[in-house]
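This is coords29.pdb (PDB, C-alpha atoms and all ligand atoms).
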```pdb
ATOM      1  CA  MET J   1       0.000   0.000   0.000
ATOM      2  CA  MET J   2       2.657   2.469   1.085
ATOM      3  CA  PHE J   3       4.853   1.285  -1.651
ATOM      4  CA  SER J   4       2.268   1.602  -4.418
ATOM      5  CA  LEU J   5       1.376   5.108  -3.225
ATOM      6  CA  TRP J   6       4.990   6.095  -3.273
ATOM      7  CA  TYR J   7       5.393   4.420  -6.614
ATOM      8  CA  SER J   8       2.462   6.181  -8.250
ATOM      9  CA  GLN J   9       3.749   9.530  -6.966
ATOM     10  CA  PHE J  10       7.118   8.698  -8.330
ATOM     11  CA  LEU J  11       5.542   7.860 -11.673
ATOM     12  CA  LEU J  12       3.665  11.161 -11.706
ATOM     13  CA  LEU J  13       6.863  13.001 -10.958
ATOM     14  CA  LEU J  14       8.642  11.136 -13.688
ATOM     15  CA  LEU J  15       5.854  11.939 -16.117
ATOM     16  CA  ALA J  16       5.966  15.642 -15.223
ATOM     17  CA  TYR J  17       9.714  15.632 -15.593
ATOM     18  CA  SER J  18       9.702  13.881 -18.935
ATOM     19  CA  GLY J  19       6.937  16.254 -20.036
ATOM     20  CA  SER J  20       9.146  19.244 -19.432
ATOM     21  CA  LEU J  21      12.033  17.481 -21.091
ATOM     22  CA  LEU J  22       9.817  16.677 -24.004
ATOM     23  CA  SER J  23       8.893  20.279 -24.662
ATOM     24  CA  ALA J  24      12.507  21.386 -24.374
ATOM     25  CA  GLU J  25      13.789  18.582 -26.533
ATOM     26  CA  LEU J  26      10.807  18.374 -28.820
ATOM     27  CA  LEU J  27      13.022  18.434 -31.865
ATOM     28  CA  VAL J  28      14.875  15.341 -30.756
ATOM     29  CA  ALA J  29      11.756  13.476 -29.655
ATOM     30  CA  ASP J  30      10.141  14.216 -32.964
ATOM     31  CA  GLY J  31      12.380  12.174 -35.163
ATOM     32  CA  SER J  32      15.948  11.582 -34.157
ATOM     33  CA  ARG J  33      16.731   9.816 -37.376
ATOM     34  CA  SER J  34      15.905  12.734 -39.618
ATOM     35  CA  LEU J  35      17.750  14.995 -37.175
ATOM     36  CA  GLN J  36      20.872  12.919 -37.588
ATOM     37  CA  ASP J  37      20.477  13.150 -41.336
ATOM     38  CA  LYS J  38      19.826  16.881 -41.331
ATOM     39  CA  ASN J  39      20.751  19.057 -44.262
ATOM     40  CA  ILE J  40      22.990  21.829 -42.994
ATOM     41  CA  PHE J  41      23.296  25.219 -44.696
ATOM     42  CA  ILE J  42      25.790  27.824 -43.561
ATOM     43  CA  LEU J  43      24.614  31.438 -43.894
ATOM     44  CA  ALA J  44      27.470  33.911 -44.176
ATOM     45  CA  GLY J  45      28.338  37.384 -45.367
ATOM     46  CA  GLN J  46      27.211  40.766 -44.132
ATOM     47  CA  SER J  47      24.000  42.611 -43.313
ATOM     48  CA  ASN J  48      21.827  41.497 -46.201
ATOM     49  CA  MET J  49      22.481  37.856 -45.286
ATOM     50  CA  ALA J  50      22.038  38.553 -41.571
ATOM     51  CA  GLY J  51      18.744  40.244 -42.519
ATOM     52  CA  ARG J  52      17.554  43.815 -42.223
ATOM     53  CA  GLY J  53      14.155  43.311 -43.831
ATOM     54  CA  GLY J  54      11.646  45.424 -41.917
ATOM     55  CA  VAL J  55      14.347  47.361 -40.035
ATOM     56  CA  VAL J  56      14.049  51.151 -40.250
ATOM     57  CA  ASN J  57      16.092  53.439 -37.981
ATOM     58  CA  ASP J  58      17.324  50.438 -35.990
ATOM     59  CA  VAL J  59      13.802  49.229 -35.229
ATOM     60  CA  TRP J  60      12.433  45.992 -36.679
ATOM     61  CA  ASP J  61       8.733  46.095 -37.550
ATOM     62  CA  GLY J  62       8.321  42.472 -36.444
ATOM     63  CA  VAL J  63       6.486  41.504 -39.612
ATOM     64  CA  ILE J  64       7.094  37.871 -40.522
ATOM     65  CA  PRO J  65       5.646  36.892 -43.895
ATOM     66  CA  ALA J  66       4.051  33.458 -44.296
ATOM     67  CA  GLU J  67       7.076  32.309 -46.309
ATOM     68  CA  CYS J  68       9.315  32.919 -43.285
ATOM     69  CA  GLU J  69       7.248  31.254 -40.594
ATOM     70  CA  PRO J  70       8.768  28.563 -38.377
ATOM     71  CA  ASN J  71       8.367  24.907 -39.275
ATOM     72  CA  GLN J  72       9.344  21.979 -37.067
ATOM     73  CA  SER J  73      11.576  20.705 -39.858
ATOM     74  CA  ILE J  74      13.694  23.870 -39.771
ATOM     75  CA  ILE J  75      16.215  24.253 -36.982
ATOM     76  CA  ARG J  76      18.869  26.820 -36.218
ATOM     77  CA  PHE J  77      22.323  26.510 -34.668
ATOM     78  CA  ASN J  78      22.309  29.267 -32.059
ATOM     79  CA  SER J  79      25.230  31.170 -30.542
ATOM     80  CA  HIS J  80      25.503  28.551 -27.777
ATOM     81  CA  ARG J  81      25.894  25.894 -30.475
ATOM     82  CA  LYS J  82      22.555  24.297 -29.717
ATOM     83  CA  TRP J  83      19.979  23.304 -32.286
ATOM     84  CA  VAL J  84      16.721  25.129 -31.640
ATOM     85  CA  GLU J  85      13.602  25.798 -33.649
ATOM     86  CA  ALA J  86      14.442  28.386 -36.287
ATOM     87  CA  GLN J  87      12.603  31.681 -36.357
ATOM     88  CA  GLU J  88      13.185  35.231 -37.499
ATOM     89  CA  PRO J  89      15.395  37.060 -36.946
ATOM     90  CA  LEU J  90      17.768  34.160 -37.625
ATOM     91  CA  HIS J  91      20.913  36.164 -36.802
ATOM     92  CA  VAL J  92      19.623  37.836 -33.643
ATOM     93  CA  ASP J  93      22.288  36.331 -31.347
ATOM     94  CA  ILE J  94      25.044  36.256 -34.006
ATOM     95  CA  ASP J  95      24.978  39.755 -35.509
ATOM     96  CA  PHE J  96      24.139  41.036 -32.046
ATOM     97  CA  ASN J  97      25.483  44.589 -32.294
ATOM     98  CA  LYS J  98      22.885  45.447 -34.910
ATOM     99  CA  THR J  99      19.118  45.273 -35.131
ATOM    100  CA  CYS J 100      18.328  42.184 -37.165
ATOM    101  CA  GLY J 101      15.210  41.666 -39.218
ATOM    102  CA  VAL J 102      14.150  39.342 -42.012
ATOM    103  CA  GLY J 103      16.885  37.755 -44.118
ATOM    104  CA  PRO J 104      16.730  35.123 -46.854
ATOM    105  CA  GLY J 105      17.248  32.065 -44.599
ATOM    106  CA  MET J 106      13.711  31.152 -43.521
ATOM    107  CA  ALA J 107      12.220  31.701 -46.977
ATOM    108  CA  PHE J 108      15.042  29.575 -48.368
ATOM    109  CA  ALA J 109      14.344  26.713 -45.966
ATOM    110  CA  ASN J 110      10.542  26.838 -46.301
ATOM    111  CA  THR J 111      10.784  26.863 -50.087
ATOM    112  CA  LEU J 112      13.128  23.899 -50.056
ATOM    113  CA  LEU J 113      10.721  21.986 -47.806
ATOM    114  CA  GLN J 114       7.805  22.717 -50.096
ATOM    115  CA  MET J 115       9.744  21.709 -53.180
ATOM    116  CA  ASP J 116      10.798  18.406 -51.793
ATOM    117  CA  SER J 117       8.915  17.758 -48.573
ATOM    118  CA  SER J 118       9.119  14.000 -48.807
ATOM    119  CA  ASN J 119      12.847  13.761 -49.335
ATOM    120  CA  ILE J 120      14.820  16.621 -47.954
ATOM    121  CA  GLY J 121      14.108  15.999 -44.260
ATOM    122  CA  VAL J 122      15.269  18.380 -41.547
ATOM    123  CA  ILE J 123      16.962  21.609 -42.577
ATOM    124  CA  GLY J 124      19.603  22.992 -40.209
ATOM    125  CA  LEU J 125      20.568  26.634 -40.633
ATOM    126  CA  VAL J 126      23.878  27.893 -39.251
ATOM    127  CA  PRO J 127      23.825  31.703 -39.175
ATOM    128  CA  CYS J 128      27.314  33.270 -39.351
ATOM    129  CA  ALA J 129      26.795  36.627 -41.098
ATOM    130  CA  VAL J 130      27.837  39.892 -39.464
ATOM    131  CA  GLY J 131      26.806  43.317 -40.741
ATOM    132  CA  GLY J 132      29.362  45.746 -42.150
ATOM    133  CA  THR J 133      32.114  43.182 -42.646
ATOM    134  CA  ASN J 134      34.464  43.426 -45.612
ATOM    135  CA  ILE J 135      36.035  40.466 -47.368
ATOM    136  CA  SER J 136      39.371  40.841 -45.598
ATOM    137  CA  GLU J 137      37.557  40.118 -42.331
ATOM    138  CA  TRP J 138      36.658  36.764 -43.893
ATOM    139  CA  SER J 139      40.251  35.922 -44.826
ATOM    140  CA  GLN J 140      41.768  32.763 -43.448
ATOM    141  CA  ARG J 141      42.496  32.945 -39.698
ATOM    142  CA  ALA J 142      40.659  36.256 -39.236
ATOM    143  CA  PRO J 143      38.343  36.008 -36.169
ATOM    144  CA  LEU J 144      35.148  35.965 -38.218
ATOM    145  CA  TYR J 145      36.520  33.299 -40.526
ATOM    146  CA  ASN J 146      37.608  31.171 -37.579
ATOM    147  CA  LEU J 147      34.162  31.472 -36.024
ATOM    148  CA  PHE J 148      32.573  30.472 -39.320
ATOM    149  CA  ILE J 149      34.755  27.344 -39.564
ATOM    150  CA  ARG J 150      34.267  26.471 -35.902
ATOM    151  CA  ARG J 151      30.483  26.794 -36.068
ATOM    152  CA  SER J 152      30.367  24.811 -39.295
ATOM    153  CA  LYS J 153      32.369  21.955 -37.773
ATOM    154  CA  LYS J 154      30.396  21.960 -34.506
ATOM    155  CA  SER J 155      27.132  21.894 -36.419
ATOM    156  CA  LEU J 156      28.104  18.450 -37.694
ATOM    157  CA  LEU J 157      28.738  16.846 -34.317
ATOM    158  CA  GLU J 158      25.200  15.501 -33.861
ATOM    159  CA  GLY J 159      25.042  14.278 -37.442
ATOM    160  CA  GLY J 160      24.071  15.707 -40.768
ATOM    161  CA  ARG J 161      25.784  16.992 -43.864
ATOM    162  CA  ILE J 162      26.776  20.483 -44.892
ATOM    163  CA  ARG J 163      24.958  20.845 -48.172
ATOM    164  CA  ALA J 164      25.892  24.408 -49.142
ATOM    165  CA  VAL J 165      27.130  27.808 -48.048
ATOM    166  CA  LEU J 166      24.803  30.729 -48.774
ATOM    167  CA  TRP J 167      26.974  33.816 -49.231
ATOM    168  CA  TYR J 168      25.882  37.450 -49.571
ATOM    169  CA  GLN J 169      28.700  39.913 -49.016
ATOM    170  CA  GLY J 170      30.629  42.666 -50.754
ATOM    171  CA  GLU J 171      28.742  45.907 -50.010
ATOM    172  CA  SER J 172      31.591  47.000 -47.725
ATOM    173  CA  ASP J 173      34.149  46.395 -50.482
ATOM    174  CA  THR J 174      32.599  49.012 -52.779
ATOM    175  CA  ILE J 175      33.978  52.031 -50.902
ATOM    176  CA  HIS J 176      37.585  51.953 -52.110
ATOM    177  CA  GLN J 177      38.438  51.092 -55.686
ATOM    178  CA  LYS J 178      41.403  49.000 -54.547
ATOM    179  CA  ASP J 179      39.146  46.755 -52.438
ATOM    180  CA  ALA J 180      36.639  46.395 -55.249
ATOM    181  CA  GLU J 181      39.368  45.484 -57.695
ATOM    182  CA  SER J 182      40.784  42.758 -55.464
ATOM    183  CA  TYR J 183      37.322  41.403 -54.615
ATOM    184  CA  GLY J 184      37.329  38.630 -57.222
ATOM    185  CA  HIS J 185      40.665  37.313 -56.060
ATOM    186  CA  ASN J 186      39.674  37.497 -52.380
ATOM    187  CA  LEU J 187      36.343  35.801 -52.985
ATOM    188  CA  LYS J 188      37.982  32.884 -54.783
ATOM    189  CA  LYS J 189      40.451  32.581 -51.967
ATOM    190  CA  PHE J 190      37.669  32.600 -49.367
ATOM    191  CA  ILE J 191      35.823  29.801 -51.144
ATOM    192  CA  SER J 192      38.895  27.629 -51.526
ATOM    193  CA  ASN J 193      39.967  28.249 -47.910
ATOM    194  CA  VAL J 194      36.554  27.165 -46.645
ATOM    195  CA  ARG J 195      36.512  24.052 -48.797
ATOM    196  CA  GLN J 196      39.995  23.151 -47.629
ATOM    197  CA  ASP J 197      39.408  23.813 -43.927
ATOM    198  CA  LEU J 198      36.107  21.907 -43.906
ATOM    199  CA  HIS J 199      37.590  19.092 -46.003
ATOM    200  CA  LEU J 200      34.748  19.488 -48.492
ATOM    201  CA  PRO J 201      36.501  20.231 -51.789
ATOM    202  CA  MET J 202      33.280  20.430 -53.809
ATOM    203  CA  LEU J 203      31.087  22.163 -51.227
ATOM    204  CA  PRO J 204      28.444  24.155 -53.143
ATOM    205  CA  PHE J 205      28.457  27.928 -52.688
ATOM    206  CA  ILE J 206      25.417  29.931 -53.657
ATOM    207  CA  GLN J 207      26.391  33.568 -53.717
ATOM    208  CA  VAL J 208      24.346  36.690 -54.289
ATOM    209  CA  ALA J 209      25.536  39.362 -56.723
ATOM    210  CA  LEU J 210      25.053  42.733 -55.052
ATOM    211  CA  ALA J 211      21.861  44.755 -55.203
ATOM    212  CA  SER J 212      23.483  47.719 -53.467
ATOM    213  CA  GLY J 213      26.705  48.927 -51.906
ATOM    214  CA  GLU J 214      28.186  51.257 -49.340
ATOM    215  CA  GLY J 215      30.305  53.045 -51.937
ATOM    216  CA  PRO J 216      30.546  53.848 -55.639
ATOM    217  CA  PHE J 217      32.313  50.692 -56.848
ATOM    218  CA  VAL J 218      29.338  48.292 -56.834
ATOM    219  CA  GLY J 219      29.822  47.596 -60.549
ATOM    220  CA  ILE J 220      33.359  46.300 -60.073
ATOM    221  CA  VAL J 221      32.363  43.954 -57.252
ATOM    222  CA  ARG J 222      29.309  42.723 -59.167
ATOM    223  CA  LYS J 223      31.416  42.004 -62.225
ATOM    224  CA  ALA J 224      33.800  39.920 -60.107
ATOM    225  CA  GLN J 225      30.854  38.034 -58.597
ATOM    226  CA  LEU J 226      29.170  37.355 -61.919
ATOM    227  CA  GLU J 227      32.386  36.266 -63.579
ATOM    228  CA  ILE J 228      33.584  33.900 -60.892
ATOM    229  CA  ASP J 229      34.444  30.638 -62.488
ATOM    230  CA  LEU J 230      34.750  27.882 -59.914
ATOM    231  CA  PRO J 231      32.961  24.525 -59.890
ATOM    232  CA  ASN J 232      29.828  24.376 -57.721
ATOM    233  CA  VAL J 233      29.621  28.134 -57.279
ATOM    234  CA  TRP J 234      26.225  29.449 -58.342
ATOM    235  CA  THR J 235      25.147  33.037 -58.492
ATOM    236  CA  ILE J 236      21.799  34.668 -57.809
ATOM    237  CA  ASP J 237      21.686  38.187 -59.186
ATOM    238  CA  ALA J 238      19.934  40.604 -56.813
ATOM    239  CA  ASP J 239      20.344  43.533 -59.209
ATOM    240  CA  GLY J 240      17.245  45.716 -59.047
ATOM    241  CA  PHE J 241      15.893  44.138 -55.881
ATOM    242  CA  PRO J 242      14.051  46.715 -53.771
ATOM    243  CA  VAL J 243      16.019  48.181 -50.873
ATOM    244  CA  GLY J 244      14.733  50.143 -47.893
ATOM    245  CA  PRO J 245      15.075  53.864 -47.176
ATOM    246  CA  ASP J 246      18.797  53.440 -46.351
ATOM    247  CA  GLY J 247      19.429  52.486 -49.986
ATOM    248  CA  LEU J 248      21.445  49.483 -48.829
ATOM    249  CA  HIS J 249      19.282  46.828 -47.232
ATOM    250  CA  LEU J 250      16.851  44.553 -49.005
ATOM    251  CA  THR J 251      13.234  44.900 -47.970
ATOM    252  CA  THR J 252      11.397  41.983 -46.385
ATOM    253  CA  GLU J 253       9.645  41.282 -49.669
ATOM    254  CA  ALA J 254      12.971  41.240 -51.524
ATOM    255  CA  GLN J 255      14.458  38.906 -48.921
ATOM    256  CA  VAL J 256      11.577  36.469 -49.390
ATOM    257  CA  ARG J 257      12.134  36.471 -53.139
ATOM    258  CA  LEU J 258      15.876  36.021 -52.640
ATOM    259  CA  GLY J 259      15.350  33.087 -50.280
ATOM    260  CA  GLN J 260      13.070  31.444 -52.832
ATOM    261  CA  MET J 261      15.645  31.935 -55.597
ATOM    262  CA  LEU J 262      18.413  30.499 -53.435
ATOM    263  CA  ALA J 263      16.246  27.441 -52.782
ATOM    264  CA  GLU J 264      15.405  27.047 -56.466
ATOM    265  CA  ALA J 265      19.105  27.257 -57.331
ATOM    266  CA  PHE J 266      20.029  24.628 -54.777
ATOM    267  CA  PHE J 267      17.129  22.360 -55.632
ATOM    268  CA  THR J 268      17.571  22.422 -59.384
ATOM    269  CA  ARG J 269      21.318  21.852 -59.226
ATOM    270  CA  THR J 270      21.428  19.135 -56.587
ATOM    271  CA  VAL J 271      18.198  17.489 -55.480
ATOM    272  CA  GLN J 272      16.526  17.588 -58.868
ATOM    273  CA  GLN J 273      19.586  17.200 -61.052
ATOM    274  CA  ARG J 274      17.986  14.922 -63.589
ATOM    275  CA  ARG J 275      15.013  17.147 -64.274
ATOM    276  CA  PRO J 276      15.369  20.231 -66.472
ATOM    277  CA  ILE J 277      16.066  23.570 -64.819
ATOM    278  CA  SER J 278      12.660  25.183 -64.888
ATOM    279  CA  SER J 279      13.291  28.472 -63.181
ATOM    280  CA  HIS J 280      15.290  31.621 -63.568
ATOM    281  CA  ALA J 281      17.171  30.958 -60.365
ATOM    282  CA  SER J 282      20.611  31.309 -61.877
ATOM    283  CA  LYS J 283      22.272  34.412 -63.279
ATOM    284  CA  ARG J 284      19.765  36.697 -64.888
ATOM    285  CA  ASN J 285      20.700  37.905 -68.300
ATOM    286  CA  ARG J 286      20.495  41.627 -68.264
TER     287      ARG J 286
HETATM  288  C1  LIG J 301      30.284  43.788 -31.388
HETATM  289  O1  LIG J 301      30.945  44.943 -30.936
HETATM  290  C2  LIG J 301      32.129  44.675 -30.198
HETATM  291  C3  LIG J 301      32.638  46.008 -29.660
HETATM  292  O2  LIG J 301      32.830  46.910 -30.682
HETATM  293  C4  LIG J 301      33.137  43.968 -31.095
HETATM  294  O3  LIG J 301      34.312  43.688 -30.378
HETATM  295  C5  LIG J 301      32.527  42.686 -31.624
HETATM  296  O4  LIG J 301      33.414  42.081 -32.536
HETATM  297  C6  LIG J 301      31.205  42.955 -32.278
HETATM  298  N1  LIG J 301      30.598  41.676 -32.619
HETATM  299  C7  LIG J 301      29.769  41.480 -33.639
HETATM  300  C8  LIG J 301      29.305  40.105 -33.877
HETATM  301  O5  LIG J 301      29.383  42.389 -34.342
HETATM  302  C1  LIG J 302       6.162  22.466 -42.605
HETATM  303  O1  LIG J 302       6.519  22.319 -43.943
HETATM  304  C2  LIG J 302       5.881  21.233 -44.604
HETATM  305  C3  LIG J 302       6.449  21.171 -46.010
HETATM  306  O2  LIG J 302       6.231  22.376 -46.671
HETATM  307  C4  LIG J 302       4.386  21.438 -44.603
HETATM  308  O3  LIG J 302       3.758  20.332 -45.195
HETATM  309  C5  LIG J 302       3.909  21.618 -43.179
HETATM  310  O4  LIG J 302       2.562  21.941 -43.179
HETATM  311  C6  LIG J 302       4.673  22.737 -42.500
HETATM  312  N1  LIG J 302       4.304  22.804 -41.104
HETATM  313  C7  LIG J 302       3.921  23.933 -40.542
HETATM  314  C8  LIG J 302       3.610  23.843 -39.109
HETATM  315  O5  LIG J 302       3.878  24.979 -41.174
HETATM  316  C1  LIG J 303      37.985  45.851 -43.316
HETATM  317  O1  LIG J 303      37.326  46.155 -42.105
HETATM  318  C2  LIG J 303      38.165  46.199 -40.965
HETATM  319  C3  LIG J 303      37.291  46.354 -39.736
HETATM  320  O2  LIG J 303      36.370  47.406 -39.894
HETATM  321  C4  LIG J 303      39.164  47.345 -41.145
HETATM  322  O3  LIG J 303      40.043  47.389 -40.051
HETATM  323  C5  LIG J 303      39.959  47.114 -42.421
HETATM  324  O4  LIG J 303      40.792  48.223 -42.656
HETATM  325  C6  LIG J 303      39.055  46.898 -43.608
HETATM  326  N1  LIG J 303      39.870  46.436 -44.707
HETATM  327  C7  LIG J 303      39.752  46.901 -45.933
HETATM  328  C8  LIG J 303      40.687  46.337 -46.938
HETATM  329  O5  LIG J 303      38.914  47.730 -46.218
END
```

What's the structure tokens form of this structure?
Ligand SMILES: *[C@@H]1O[C@H](CO)[C@@H](O)[C@H](O)[C@H]1NC(C)=O
Ligand SMILES: *[C@@H]1O[C@H](CO)[C@@H](O)[C@H](O)[C@H]1NC(C)=O
Ligand SMILES: *[C@@H]1O[C@H](CO)[C@@H](O)[C@H](O)[C@H]1NC(C)=O
Amino acid sequence: MMFSLWYSQFLLLLLAYSGSLLSAELLVADGSRSLQDKNIFILAGQSNMAGRGGVVNDVWDGVIPAECEPNQSIIRFNSHRKWVEAQEPLHVDIDFNKTCGVGPGMAFANTLLQMDSSNIGVIGLVPCAVGGTNISEWSQRAPLYNLFIRRSKKSLLEGGRIRAVLWYQGESDTIHQKDAESYGHNLKKFISNVRQDLHLPMLPFIQVALASGEGPFVGIVRKAQLEIDLPNVWTIDADGFPVGPDGLHLTTEAQVRLGQMLAEAFFTRTVQQRRPISSHASKRNR
């Protein structure tokens, strides 16, 4: 009698405890197999990758379009190197000195899920972008580069595969002509350093050709981006994409479109390789 009373209380306690564990670790309880097989995407670059959609005068409007809503199949590697449910703003604890808003990451992941919901499985996003950073801050052994490599490696510890790097950077290299002119060389070096340090020699890079810049030499940087000739480097051209009142940052709507184009580019070139490319997700001819 005493024993069974004690036992049932113990059971209740256990149930309550596992309940709280369950909500905290919902992702794991949900399907550990697909978690182990997760598709990891590294998000890097500067502010337009970190996301400033909906940010005006350092205030984010909080508007999250349907395309950017959370989904239990989309997780995010946070600054404490834990996988948590992904939600906007994806870079809030990474690009923490700035006000983050909507970037391309959630629209990218949701589009990929919709395109291939039965096969792709869990999508793991690893935000690494920091606003205002020039390409020399991403050179090998620079602090930001080291953090990028470290986070990428740690993201693999619980299983999964790094499927691609999404890269949107270069606005800060349009101020001085010298920086713009060496951009192509530095970008190639960045890509090969990453592939070498992650031991993934063919790791796909999907880069964004600039929509805007901080200085007058946008054309030179864009030319370098569009002309890059490395295997498994694909370019989305953001030329003409709407930017906010600062003239620099993509609007929320533009970020959604960009995320969709990044997903189309990845999907058509990898997942769907045998089917014809049906979209305009690659370089636009203009
Ligand atoms: C934030 O600002 C501090 C102080 O200026 C700087 O040391 C740090 O690198 C910055 N970090 C990021 C992620 O912007
Ligand atoms: C998550 O994404 C899948 C694939 O697009 C979709 O079927 C499902 O309804 C989404 N779940 C939520 C909660 O939005
Ligand atoms: C890049 O940015 C860093 C940090 O703001 C700065 O110290 C450096 O001079 C810049 N490099 C170039 C080539 O513009």

Since I can't run it myself right now, could you work out what the PyMOL selection byres (((chain J and resi 243) around 12) and not hetatm) selects here and report it as a compact mmCIF listing (two decimals) with C-alpha atoms, keeping the file's coordinate frame?
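And here's expr-v9.txt as it stands now:
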```
# COMPACT_ATOMS: atom_id res chain seq x y z
CA ASN J 48 21.83 41.50 -46.20
CA GLY J 51 18.74 40.24 -42.52
CA ARG J 52 17.55 43.82 -42.22
CA GLY J 53 14.16 43.31 -43.83
CA GLY J 54 11.65 45.42 -41.92
CA VAL J 55 14.35 47.36 -40.03
CA VAL J 56 14.05 51.15 -40.25
CA LEU J 210 25.05 42.73 -55.05
CA ALA J 211 21.86 44.76 -55.20
CA SER J 212 23.48 47.72 -53.47
CA GLY J 213 26.70 48.93 -51.91
CA ALA J 238 19.93 40.60 -56.81
CA ASP J 239 20.34 43.53 -59.21
CA GLY J 240 17.24 45.72 -59.05
CA PHE J 241 15.89 44.14 -55.88
CA PRO J 242 14.05 46.72 -53.77
CA GLY J 244 14.73 50.14 -47.89
CA PRO J 245 15.08 53.86 -47.18
CA ASP J 246 18.80 53.44 -46.35
CA GLY J 247 19.43 52.49 -49.99
CA LEU J 248 21.44 49.48 -48.83
CA HIS J 249 19.28 46.83 -47.23
CA LEU J 250 16.85 44.55 -49.00
CA THR J 251 13.23 44.90 -47.97
CA THR J 252 11.40 41.98 -46.38
CA GLU J 253 9.64 41.28 -49.67
CA ALA J 254 12.97 41.24 -51.52
CA GLN J 255 14.46 38.91 -48.92
```

Write out, as JSON lines, each residue of chain J that has an atom at most 10 Å from ligand LIG 303 (chain J), together with the closest pair of atoms and their distance in Å to one decimal, counting all atoms listed in the file, rows going by chain and rising number.
```
{"residue": "J:Gly132", "atom": "CA", "partner": "J:LIG303", "partner_atom": "O2", "distance": 7.5}
{"residue": "J:Thr133", "atom": "CA", "partner": "J:LIG303", "partner_atom": "O1", "distance": 6.0}
{"residue": "J:Asn134", "atom": "CA", "partner": "J:LIG303", "partner_atom": "C1", "distance": 4.9}
{"residue": "J:Ile135", "atom": "CA", "partner": "J:LIG303", "partner_atom": "C1", "distance": 7.0}
{"residue": "J:Ser136", "atom": "CA", "partner": "J:LIG303", "partner_atom": "C1", "distance": 5.7}
{"residue": "J:Glu137", "atom": "CA", "partner": "J:LIG303", "partner_atom": "C1", "distance": 5.8}
{"residue": "J:Trp138", "atom": "CA", "partner": "J:LIG303", "partner_atom": "C1", "distance": 9.2}
{"residue": "J:Ser172", "atom": "CA", "partner": "J:LIG303", "partner_atom": "O5", "distance": 7.5}
{"residue": "J:Asp173", "atom": "CA", "partner": "J:LIG303", "partner_atom": "O5", "distance": 6.5}
{"residue": "J:Thr174", "atom": "CA", "partner": "J:LIG303", "partner_atom": "O5", "distance": 9.2}
{"residue": "J:Ile175", "atom": "CA", "partner": "J:LIG303", "partner_atom": "O5", "distance": 8.1}
{"residue": "J:His176", "atom": "CA", "partner": "J:LIG303", "partner_atom": "O5", "distance": 7.4}
{"residue": "J:Lys178", "atom": "CA", "partner": "J:LIG303", "partner_atom": "C8", "distance": 8.1}
{"residue": "J:Asp179", "atom": "CA", "partner": "J:LIG303", "partner_atom": "C8", "distance": 5.7}
{"residue": "J:Ala180", "atom": "CA", "partner": "J:LIG303", "partner_atom": "C8", "distance": 9.2}
{"residue": "J:Ser182", "atom": "CA", "partner": "J:LIG303", "partner_atom": "C8", "distance": 9.2}
{"residue": "J:Tyr183", "atom": "CA", "partner": "J:LIG303", "partner_atom": "C8", "distance": 9.7}
```

Output file for the selection above: C-alpha atoms, as a PDB file, in the frame of the given file:
```pdb
ATOM      1  CA  GLY J 132      29.362  45.746 -42.150  1.00  0.00           C
ATOM      2  CA  THR J 133      32.114  43.182 -42.646  1.00  0.00           C
ATOM      3  CA  ASN J 134      34.464  43.426 -45.612  1.00  0.00           C
ATOM      4  CA  ILE J 135      36.035  40.466 -47.368  1.00  0.00           C
ATOM      5  CA  SER J 136      39.371  40.841 -45.598  1.00  0.00           C
ATOM      6  CA  GLU J 137      37.557  40.118 -42.331  1.00  0.00           C
ATOM      7  CA  TRP J 138      36.658  36.764 -43.893  1.00  0.00           C
ATOM      8  CA  SER J 172      31.591  47.000 -47.725  1.00  0.00           C
ATOM      9  CA  ASP J 173      34.149  46.395 -50.482  1.00  0.00           C
ATOM     10  CA  THR J 174      32.599  49.012 -52.779  1.00  0.00           C
ATOM     11  CA  ILE J 175      33.978  52.031 -50.902  1.00  0.00           C
ATOM     12  CA  HIS J 176      37.585  51.953 -52.110  1.00  0.00           C
ATOM     13  CA  LYS J 178      41.403  49.000 -54.547  1.00  0.00           C
ATOM     14  CA  ASP J 179      39.146  46.755 -52.438  1.00  0.00           C
ATOM     15  CA  ALA J 180      36.639  46.395 -55.249  1.00  0.00           C
ATOM     16  CA  SER J 182      40.784  42.758 -55.464  1.00  0.00           C
ATOM     17  CA  TYR J 183      37.322  41.403 -54.615  1.00  0.00           C
TER      18      TYR J 183
END
```

| said: the PyMOL selection byres (((not hetatm)) within 10 of (chain J and resi 301)) - which residues does that actually catch in the file I just gave you? List them as a list in words. | reply: His91, Val92, Asp93, Ile94, Asp95, Phe96, Asn97, Lys98, Cys128, Ala129, Val130, Gly131, Gly132, Thr133, Pro143 and Leu144 of chain J

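Taking only C-alpha atoms and all ligand atoms into account, ligand LIG 302 (chain J) has within 10 Å the residues Ala66, Glu67, Cys68, Glu69, Pro70, Asn71, Gln72, Ser73, Ile74, Ala109, Asn110, Thr111, Leu112, Leu113, Gln114, Met115, Asp116, Ser117, Ser118, Ile120, Gly121 and Val122 of chain J.
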
| request: Enter the distance from atom CA of J:Ala263 to atom CA of J:Gly105, in Å, rounded to one decimal. | output: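 That distance, rounded to one decimal, is 9.5 Å.
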
| Hey, which of J:Pro104, J:Pro89, J:Gly45, J:Gly215 ends up closest to J:Asp61? Count all atoms listed in the file. | J:Pro89

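Here atom CA of J:Leu258 and atom CA of J:Val126 stand 17.6 Å from one another.
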
| Which neighbours of J:Trp234 fall inside 8 Å, counting all atoms listed in the file, when residues of the same chain fewer than 4 positions from it are skipped, and could you give them as a ChimeraX atom specification? | /J:204-207,265,282

| message | One decimal, in Å: what's the spacing between atom CA of J:Ile40 and atom CA of J:Arg222? | response |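 About the pair atom CA of J:Ile40 and atom CA of J:Arg222: they are 27.2 Å apart.
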
| said: Show me, as an MDAnalysis selection string, the residues that have an atom within 8 Å of stretch 150-155 of chain J when counting only C-alpha atoms, minus same-chain residues fewer than 3 positions from it. | reply: chainID J and resid 40 42 77 81 126 128 146:147 158:159 162 198
